[in-house]
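**Student:** Take a look at this one; I'll ask things after.
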Amino acid sequence: MELAVSHNAGVSISLGMPAAPPPVVAPRRKSRQIVLRHDKHPVAVGGDAPVSVQSMATTVTADINATLQQIAELTAAGCQVVRVAVPSQDDADALPIIAKKSGIPVVADIHFQPKYVFAALEAGCAGVRVNPGNIKQFDDKVGEIARAAKDMGTPIRIGVNAGSLDKRLMEKYGKATPEALVESALWEASLFEEHDFRDIKISVKHHDPVIMMQAYMQLAEQCDYPLHLGVTEAGPTFQGTIKSAVAFGGLLSRGIGDTIRVSLSAPPIEEVRVGLQILESLNLRERGLEIVSCPSCGRAQVDVYTLAEQVTAGLEGLEVPLRVAVMGCVVNGPGEARDADLGVASGNGKGQIFVKGEVIKTVPESQIVETLIEEAMRLAEQMEGESGQTDSRNRLGFHS
């Protein structure tokens with residue numbers, strides 16, 4: 001399929017899509033597959049399924065309306081699986097309604113009390129996360145949990161955390177080493193296997209990206225279960241984003257990882273945005289809007305910072321895969337702008353506007369943002385018209 005955009009100047013620009021999928025750093029690790037059930041949007045994890053993005057609701061689960069509202073917001077941001085905390089009976093009682101009305105699969109997060117595992121299974125949750133390190137007498141309950149989960153067709157995530165590692169392993173290793181995290185996870189998985197239950201995914205989280213990566217690499221070599229990646233307690237937005245990007249990038253580039261959650265001390269929507277961007281950067285998800293902009297320097301003859309911010313704000317919500325280059329000087333500007341779907345190479349208070357490698361016009365600096373947004377809308381409408389998607393102007397709040 002090829003798309004073309006015609007301009008008043010009579011120039012026809014080819015929008016032919018690449019014949020081959022974008023390259024990835026390494027092939028995916030082979031793993032078994034589980035499915036998180038949902039009436040409309042089930043999510044497969046592992047096997048040949050795409051890497052999925054998760055987050056966790058910050059609301060009190062017992063507050064059903066607030067929790068469903070936040071889940072709706074996360075869903076709109078691109079979240080595919082949501083976890084909810086179940087520390088009390090009131091939270092457990094809310095699960096049936098939340099699981100039924102959520103637009104994406106709901107995973108119940110269980111600590112300390114095994115009885116809430118059974119409540120989550122009966123409630124119809126898509127999955128249950130258990131933390132073996134802090135559930136009392138968990139090993140003695142595995143058989144019962146395995147039978148109930150198998151009857152319901154509900155996968156279990158064995159979630160090992162450095163901060164709540166089993167005391168026996170802490171005594172053996174002295175601290176939460178990669179080996180300790182892996183041994184904990186595989187031990188608990190073996191208990192489920194004894195009861196012929198293998199609908200399992202595993203996480204071995206640590207706040208240190210290096211230890212976390214070592215743990216997942218060891219785990220990937222010793223089992224074929226799908227793996228949920230996470231740097232636990234990663235920190236505030238900036239620090240947590242860096243730590244998660246480094247750790248996830250290092251593992252995903254080796255083909256390790258089937259679903260991710262970026263743990264930030266920030267609103268959960270930010271977790272989703274960072275997670276999606278990490279996957280897009282590794283070509284593990286189709287790229288949406290991508291702004292390529294220079295860091296500026298003494299050569300810049302326009303305000304690149306302001307231009308990039310205004311273009312980004314003006315195109316927020318655009319869903320078609322479009323690369324827009326906002327460049328500030330003649331050194332790299334023309335090349336980057338020419339290589340993008342849409343771009344501007346700026347200098348002397350003016351900007352040359354490129355569409356698919358061709359200069360279509362030159363405009364003063366004051367008109368660069370407006371022109372780029374107009375051309376982006378033109379390209380988006382052309383692309384969406386071919387694919388039958390909703391008009392991007394409506395999604396972005398542009399109305400005629």
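Starting from 1 in every chain, residues are counted up; chains themselves are A, B, ... following the order of the structure tokens, and ligands are numbered from 1 as listed.
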From a DSSP calculation on the backbone, collect every residue of segment 131-309 of chain A in alpha helix (DSSP H) and output the set as an MDAnalysis selection string.

**Tutor:** chainID A and resid 138:152 167:173 178:193 209:222 237:252 268:281 304:309

**Student:** Excluding Gly347 of chain A and residues on its chain fewer than 4 positions from it, collect all residues at most 12 Å away from it, counting only C-alpha atoms, and give them as a JSON list (two decimals) with N, CA and C atoms, in the first residue's frame.

**Tutor:**
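Dumped everything to selection_9.json:
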```json
[["chain", "number", "residue", "atom", "x", "y", "z"],
["A", 299, "ARG", "N", 24.94, 27.30, 17.45],
["A", 299, "ARG", "CA", 24.65, 27.49, 16.02],
["A", 299, "ARG", "C", 23.18, 27.78, 15.76],
["A", 300, "ALA", "N", 22.32, 27.45, 16.74],
["A", 300, "ALA", "CA", 20.89, 27.59, 16.52],
["A", 300, "ALA", "C", 20.52, 29.06, 16.32],
["A", 301, "GLN", "N", 19.69, 29.30, 15.33],
["A", 301, "GLN", "CA", 19.25, 30.67, 15.04],
["A", 301, "GLN", "C", 17.76, 30.84, 15.27],
["A", 302, "VAL", "N", 17.13, 29.83, 15.87],
["A", 302, "VAL", "CA", 15.73, 29.92, 16.29],
["A", 302, "VAL", "C", 15.62, 29.31, 17.68],
["A", 303, "ASP", "N", 14.49, 29.56, 18.34],
["A", 303, "ASP", "CA", 14.26, 29.03, 19.69],
["A", 303, "ASP", "C", 13.77, 27.58, 19.56],
["A", 304, "VAL", "N", 14.70, 26.63, 19.52],
["A", 304, "VAL", "CA", 14.35, 25.23, 19.31],
["A", 304, "VAL", "C", 13.52, 24.68, 20.47],
["A", 326, "VAL", "N", 12.17, 18.60, 14.41],
["A", 326, "VAL", "CA", 12.24, 20.04, 14.68],
["A", 326, "VAL", "C", 13.70, 20.39, 14.91],
["A", 327, "MET", "N", 14.34, 20.97, 13.90],
["A", 327, "MET", "CA", 15.78, 21.18, 13.93],
["A", 327, "MET", "C", 16.11, 22.67, 13.85],
["A", 328, "GLY", "N", 17.24, 23.03, 14.49],
["A", 328, "GLY", "CA", 17.52, 24.45, 14.67],
["A", 328, "GLY", "C", 18.67, 25.03, 13.90],
["A", 329, "CYS", "N", 19.42, 24.22, 13.13],
["A", 329, "CYS", "CA", 20.52, 24.83, 12.38],
["A", 329, "CYS", "C", 20.77, 24.05, 11.09],
["A", 330, "VAL", "N", 21.72, 24.52, 10.29],
["A", 330, "VAL", "CA", 21.93, 23.96, 8.96],
["A", 330, "VAL", "C", 22.91, 22.79, 8.96],
["A", 331, "VAL", "N", 23.48, 22.42, 10.13],
["A", 331, "VAL", "CA", 24.44, 21.32, 10.16],
["A", 331, "VAL", "C", 23.73, 19.97, 10.02],
["A", 332, "ASN", "N", 22.90, 19.63, 11.00],
["A", 332, "ASN", "CA", 22.15, 18.38, 10.95],
["A", 332, "ASN", "C", 20.70, 18.57, 10.53],
["A", 333, "GLY", "N", 20.25, 19.82, 10.56],
["A", 333, "GLY", "CA", 18.84, 20.11, 10.33],
["A", 333, "GLY", "C", 18.27, 19.57, 9.03],
["A", 334, "PRO", "N", 18.84, 19.92, 7.88],
["A", 334, "PRO", "CA", 18.27, 19.44, 6.61],
["A", 334, "PRO", "C", 18.24, 17.93, 6.50],
["A", 351, "GLY", "N", 12.15, 28.80, 8.44],
["A", 351, "GLY", "CA", 12.18, 27.34, 8.48],
["A", 351, "GLY", "C", 11.78, 26.73, 7.15],
["A", 352, "GLN", "N", 12.60, 25.82, 6.67],
["A", 352, "GLN", "CA", 12.23, 25.06, 5.48],
["A", 352, "GLN", "C", 11.42, 23.84, 5.93],
["A", 353, "ILE", "N", 10.22, 23.70, 5.39],
["A", 353, "ILE", "CA", 9.33, 22.61, 5.76],
["A", 353, "ILE", "C", 9.51, 21.46, 4.78],
["A", 362, "THR", "N", 8.93, 27.47, 2.54],
["A", 362, "THR", "CA", 9.74, 28.14, 3.55],
["A", 362, "THR", "C", 8.87, 29.17, 4.24],
["A", 363, "VAL", "N", 8.86, 29.16, 5.57],
["A", 363, "VAL", "CA", 7.99, 30.05, 6.34],
["A", 363, "VAL", "C", 8.80, 30.78, 7.40],
["A", 364, "PRO", "N", 8.35, 31.97, 7.86],
["A", 364, "PRO", "CA", 9.02, 32.66, 8.95],
["A", 364, "PRO", "C", 8.89, 31.87, 10.25],
["A", 365, "GLU", "N", 9.78, 32.14, 11.19],
["A", 365, "GLU", "CA", 9.78, 31.40, 12.45],
["A", 365, "GLU", "C", 8.42, 31.43, 13.13],
["A", 368, "ILE", "N", 6.21, 28.53, 11.90],
["A", 368, "ILE", "CA", 6.71, 27.16, 11.84],
["A", 368, "ILE", "C", 5.78, 26.19, 12.54]]
```

**Student:** What are the nearest atom pairs, with distances in Å to one decimal, for all residues of segment 191-255 of chain A that come at most 8 Å from segment 30-50 of chain A, using only C-alpha atoms, set out by chain and rising residue number as CSV?

**Tutor:**
```
residue,atom,partner,partner_atom,distance
A:Asp199,CA,A:Ile34,CA,5.9
A:Ile200,CA,A:Ile34,CA,7.2
A:Lys201,CA,A:Ile34,CA,7.7
A:Asp224,CA,A:Ser31,CA,4.6
A:Tyr225,CA,A:Ser31,CA,5.5
A:Pro226,CA,A:Gly46,CA,4.9
A:Leu227,CA,A:Gly46,CA,7.6
```

**Student:** Find the residues around Leu284 of chain A up to 9 Å (only C-alpha atoms counted), leave out those fewer than 2 positions away in its own chain, and share them as a count of residues only.

**Tutor:** 12

**Student:** Which residues are near Val53 of chain A? Cut-off 10 Å, only C-alpha atoms, ignore same chain within fewer than 2 positions. Put them as an MDAnalysis selection string.

**Tutor:** chainID A and resid 50:51 55 78:82 228:229 258:262 271:276 279

**Student:** Calculated over only C-alpha atoms, which of the candidates A:Gln218, A:Thr232, A:Thr75, A:Thr371 has the smallest distance to Ser164 of chain A?

**Tutor:**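 Of A:Gln218, A:Thr232, A:Thr75, A:Thr371, the one nearest Ser164 of chain A is A:Thr232, counting only C-alpha atoms.
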
**Student:** Mind pulling up the distance from atom CA of Cys125 of chain A to atom CA of Ile202 of chain A?

**Tutor:**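 The value is 17.7 Å.
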
**Student:** For Ser244 of chain A, list every protein, DNA or RNA residue within 7 Å, evaluated using only C-alpha atoms, and leave out those in the same chain fewer than 4 positions away; present the list as a list in words.

**Tutor:** Val231, Gly240, Phe248 and Val262 of chain A

**Student:** Report the closest atom pair, with its distance in Å rounded to one decimal, for each residue of segment 313-356 of chain A that has an atom no farther than 12 Å from segment 383-387 of chain A; count only C-alpha atoms, sort by chain and then rising residue number, and write it as a Markdown table.

**Tutor:**
```
| residue | atom | partner | partner_atom | distance |
| --- | --- | --- | --- | --- |
| A:Leu318 | CA | A:Glu384 | CA | 10.8 |
| A:Glu319 | CA | A:Glu384 | CA | 9.4 |
| A:Val320 | CA | A:Glu384 | CA | 7.4 |
| A:Pro321 | CA | A:Met383 | CA | 9.2 |
| A:Leu322 | CA | A:Met383 | CA | 9.8 |
| A:Asp341 | CA | A:Met383 | CA | 11.9 |
```

**Student:** One number please: atom CA of Lys100 of chain A to atom CA of Arg285 of chain A, in Å, one decimal.

**Tutor:** 27.8 Å

**Student:** Fewer than 2 positions away in the same chain doesn't count, so skip those; otherwise give me all residues within 9 Å of Val117 of chain A, counting only C-alpha atoms, as a list of chain:residue names.

**Tutor:** A:Ala108, A:Asp109, A:Ile110, A:His111, A:Gln113, A:Pro114, A:Lys115, A:Ala119, A:Ala120, A:Leu121, A:Glu122, A:Val128, A:Arg129, A:Val130, A:Ile145

**Student:** How would the residues just chosen look if you wrote them out with all heavy atoms as an mmCIF file, in the first residue's frame?

**Tutor:**
```
data_model
loop_
_atom_site.group_PDB
_atom_site.id
_atom_site.type_symbol
_atom_site.label_atom_id
_atom_site.label_comp_id
_atom_site.auth_asym_id
_atom_site.auth_seq_id
_atom_site.Cartn_x
_atom_site.Cartn_y
_atom_site.Cartn_z
ATOM 1 N N ALA A 108 -5.425 -9.158 40.636
ATOM 2 C CA ALA A 108 -5.497 -8.863 42.070
ATOM 3 C C ALA A 108 -4.124 -9.062 42.696
ATOM 4 O O ALA A 108 -3.453 -10.070 42.457
ATOM 5 C CB ALA A 108 -6.519 -9.770 42.742
ATOM 6 N N ASP A 109 -3.705 -8.090 43.495
ATOM 7 C CA ASP A 109 -2.392 -8.116 44.133
ATOM 8 C C ASP A 109 -2.557 -8.542 45.587
ATOM 9 O O ASP A 109 -3.159 -7.817 46.394
ATOM 10 C CB ASP A 109 -1.778 -6.702 44.066
ATOM 11 C CG ASP A 109 -0.325 -6.692 44.488
ATOM 12 O OD1 ASP A 109 0.498 -7.225 43.741
ATOM 13 O OD2 ASP A 109 -0.027 -6.139 45.568
ATOM 14 N N ILE A 110 -2.035 -9.725 45.919
ATOM 15 C CA ILE A 110 -2.299 -10.323 47.230
ATOM 16 C C ILE A 110 -1.025 -10.431 48.054
ATOM 17 O O ILE A 110 -0.007 -10.955 47.588
ATOM 18 C CB ILE A 110 -2.914 -11.735 47.081
ATOM 19 C CG1 ILE A 110 -4.089 -11.726 46.098
ATOM 20 C CG2 ILE A 110 -3.333 -12.280 48.442
ATOM 21 C CD1 ILE A 110 -5.260 -10.877 46.512
ATOM 22 N N HIS A 111 -1.096 -9.962 49.284
ATOM 23 C CA HIS A 111 -0.011 -10.100 50.251
ATOM 24 C C HIS A 111 -0.603 -10.563 51.584
ATOM 25 O O HIS A 111 -1.742 -10.229 51.929
ATOM 26 C CB HIS A 111 0.722 -8.772 50.466
ATOM 27 C CG HIS A 111 1.369 -8.237 49.227
ATOM 28 N ND1 HIS A 111 2.684 -8.484 48.897
ATOM 29 C CD2 HIS A 111 0.876 -7.467 48.234
ATOM 30 C CE1 HIS A 111 2.979 -7.877 47.763
ATOM 31 N NE2 HIS A 111 1.892 -7.257 47.338
ATOM 32 N N GLN A 113 -2.396 -12.511 53.237
ATOM 33 C CA GLN A 113 -3.573 -13.326 53.541
ATOM 34 C C GLN A 113 -3.963 -14.226 52.362
ATOM 35 O O GLN A 113 -4.499 -13.751 51.353
ATOM 36 C CB GLN A 113 -4.764 -12.419 53.881
ATOM 37 C CG GLN A 113 -4.594 -11.610 55.159
ATOM 38 C CD GLN A 113 -4.621 -12.486 56.397
ATOM 39 O OE1 GLN A 113 -5.118 -13.614 56.371
ATOM 40 N NE2 GLN A 113 -4.087 -11.979 57.502
ATOM 41 N N PRO A 114 -3.735 -15.525 52.456
ATOM 42 C CA PRO A 114 -4.101 -16.435 51.360
ATOM 43 C C PRO A 114 -5.586 -16.407 51.019
ATOM 44 O O PRO A 114 -5.969 -16.686 49.884
ATOM 45 C CB PRO A 114 -3.691 -17.810 51.893
ATOM 46 C CG PRO A 114 -2.686 -17.539 52.959
ATOM 47 C CD PRO A 114 -3.068 -16.235 53.561
ATOM 48 N N LYS A 115 -6.436 -16.083 51.992
ATOM 49 C CA LYS A 115 -7.877 -16.134 51.720
ATOM 50 C C LYS A 115 -8.280 -15.168 50.617
ATOM 51 O O LYS A 115 -9.273 -15.399 49.903
ATOM 52 C CB LYS A 115 -8.670 -15.823 52.999
ATOM 53 C CG LYS A 115 -8.491 -14.404 53.535
ATOM 54 C CD LYS A 115 -9.337 -14.182 54.789
ATOM 55 C CE LYS A 115 -9.192 -12.749 55.322
ATOM 56 N NZ LYS A 115 -10.012 -12.545 56.535
ATOM 57 N N ALA A 119 -10.658 -15.334 47.083
ATOM 58 C CA ALA A 119 -11.673 -14.319 46.804
ATOM 59 C C ALA A 119 -11.477 -13.727 45.410
ATOM 60 O O ALA A 119 -12.446 -13.499 44.676
ATOM 61 C CB ALA A 119 -11.610 -13.213 47.860
ATOM 62 N N ALA A 120 -10.214 -13.491 45.032
ATOM 63 C CA ALA A 120 -9.927 -12.929 43.712
ATOM 64 C C ALA A 120 -10.283 -13.909 42.606
ATOM 65 O O ALA A 120 -10.815 -13.522 41.560
ATOM 66 C CB ALA A 120 -8.451 -12.543 43.622
ATOM 67 N N LEU A 121 -10.011 -15.188 42.834
ATOM 68 C CA LEU A 121 -10.355 -16.202 41.840
ATOM 69 C C LEU A 121 -11.866 -16.285 41.664
ATOM 70 O O LEU A 121 -12.377 -16.326 40.537
ATOM 71 C CB LEU A 121 -9.794 -17.553 42.264
ATOM 72 C CG LEU A 121 -8.266 -17.680 42.272
ATOM 73 C CD1 LEU A 121 -7.848 -19.006 42.910
ATOM 74 C CD2 LEU A 121 -7.706 -17.578 40.863
ATOM 75 N N GLU A 122 -12.588 -16.288 42.768
ATOM 76 C CA GLU A 122 -14.050 -16.359 42.712
ATOM 77 C C GLU A 122 -14.644 -15.098 42.099
ATOM 78 O O GLU A 122 -15.714 -15.151 41.482
ATOM 79 C CB GLU A 122 -14.616 -16.581 44.107
ATOM 80 C CG GLU A 122 -14.259 -17.943 44.702
ATOM 81 C CD GLU A 122 -14.653 -18.078 46.155
ATOM 82 O OE1 GLU A 122 -15.262 -17.110 46.684
ATOM 83 O OE2 GLU A 122 -14.364 -19.125 46.771
ATOM 84 N N VAL A 128 -3.952 -13.382 39.303
ATOM 85 C CA VAL A 128 -3.659 -13.104 40.712
ATOM 86 C C VAL A 128 -2.155 -13.057 40.878
ATOM 87 O O VAL A 128 -1.437 -13.934 40.411
ATOM 88 C CB VAL A 128 -4.248 -14.182 41.640
ATOM 89 C CG1 VAL A 128 -3.880 -13.895 43.092
ATOM 90 C CG2 VAL A 128 -5.766 -14.264 41.478
ATOM 91 N N ARG A 129 -1.692 -12.001 41.542
ATOM 92 C CA ARG A 129 -0.272 -11.896 41.867
ATOM 93 C C ARG A 129 -0.108 -12.285 43.331
ATOM 94 O O ARG A 129 -0.793 -11.737 44.205
ATOM 95 C CB ARG A 129 0.233 -10.469 41.635
ATOM 96 C CG ARG A 129 1.739 -10.260 41.922
ATOM 97 C CD ARG A 129 2.018 -9.957 43.382
ATOM 98 N NE ARG A 129 3.438 -9.850 43.658
ATOM 99 C CZ ARG A 129 4.019 -8.734 44.078
ATOM 100 N NH1 ARG A 129 3.307 -7.643 44.273
ATOM 101 N NH2 ARG A 129 5.319 -8.720 44.325
ATOM 102 N N VAL A 130 0.782 -13.226 43.604
ATOM 103 C CA VAL A 130 1.069 -13.616 44.977
ATOM 104 C C VAL A 130 2.535 -13.349 45.265
ATOM 105 O O VAL A 130 3.391 -13.476 44.394
ATOM 106 C CB VAL A 130 0.743 -15.095 45.239
ATOM 107 C CG1 VAL A 130 -0.756 -15.348 45.093
ATOM 108 C CG2 VAL A 130 1.521 -16.010 44.308
ATOM 109 N N ILE A 145 -4.607 -23.507 46.180
ATOM 110 C CA ILE A 145 -4.621 -22.384 45.234
ATOM 111 C C ILE A 145 -4.520 -22.895 43.804
ATOM 112 O O ILE A 145 -5.239 -22.436 42.910
ATOM 113 C CB ILE A 145 -3.467 -21.412 45.548
ATOM 114 C CG1 ILE A 145 -3.726 -20.685 46.882
ATOM 115 C CG2 ILE A 145 -3.302 -20.383 44.418
ATOM 116 C CD1 ILE A 145 -2.559 -19.848 47.361
#
```

**Student:** Measuring atom to atom with only C-alpha atoms, identify which of A:Ile104, A:Ala62, A:Leu181, A:Ile373 is nearest to Gln89 of chain A.

**Tutor:** A:Ala62
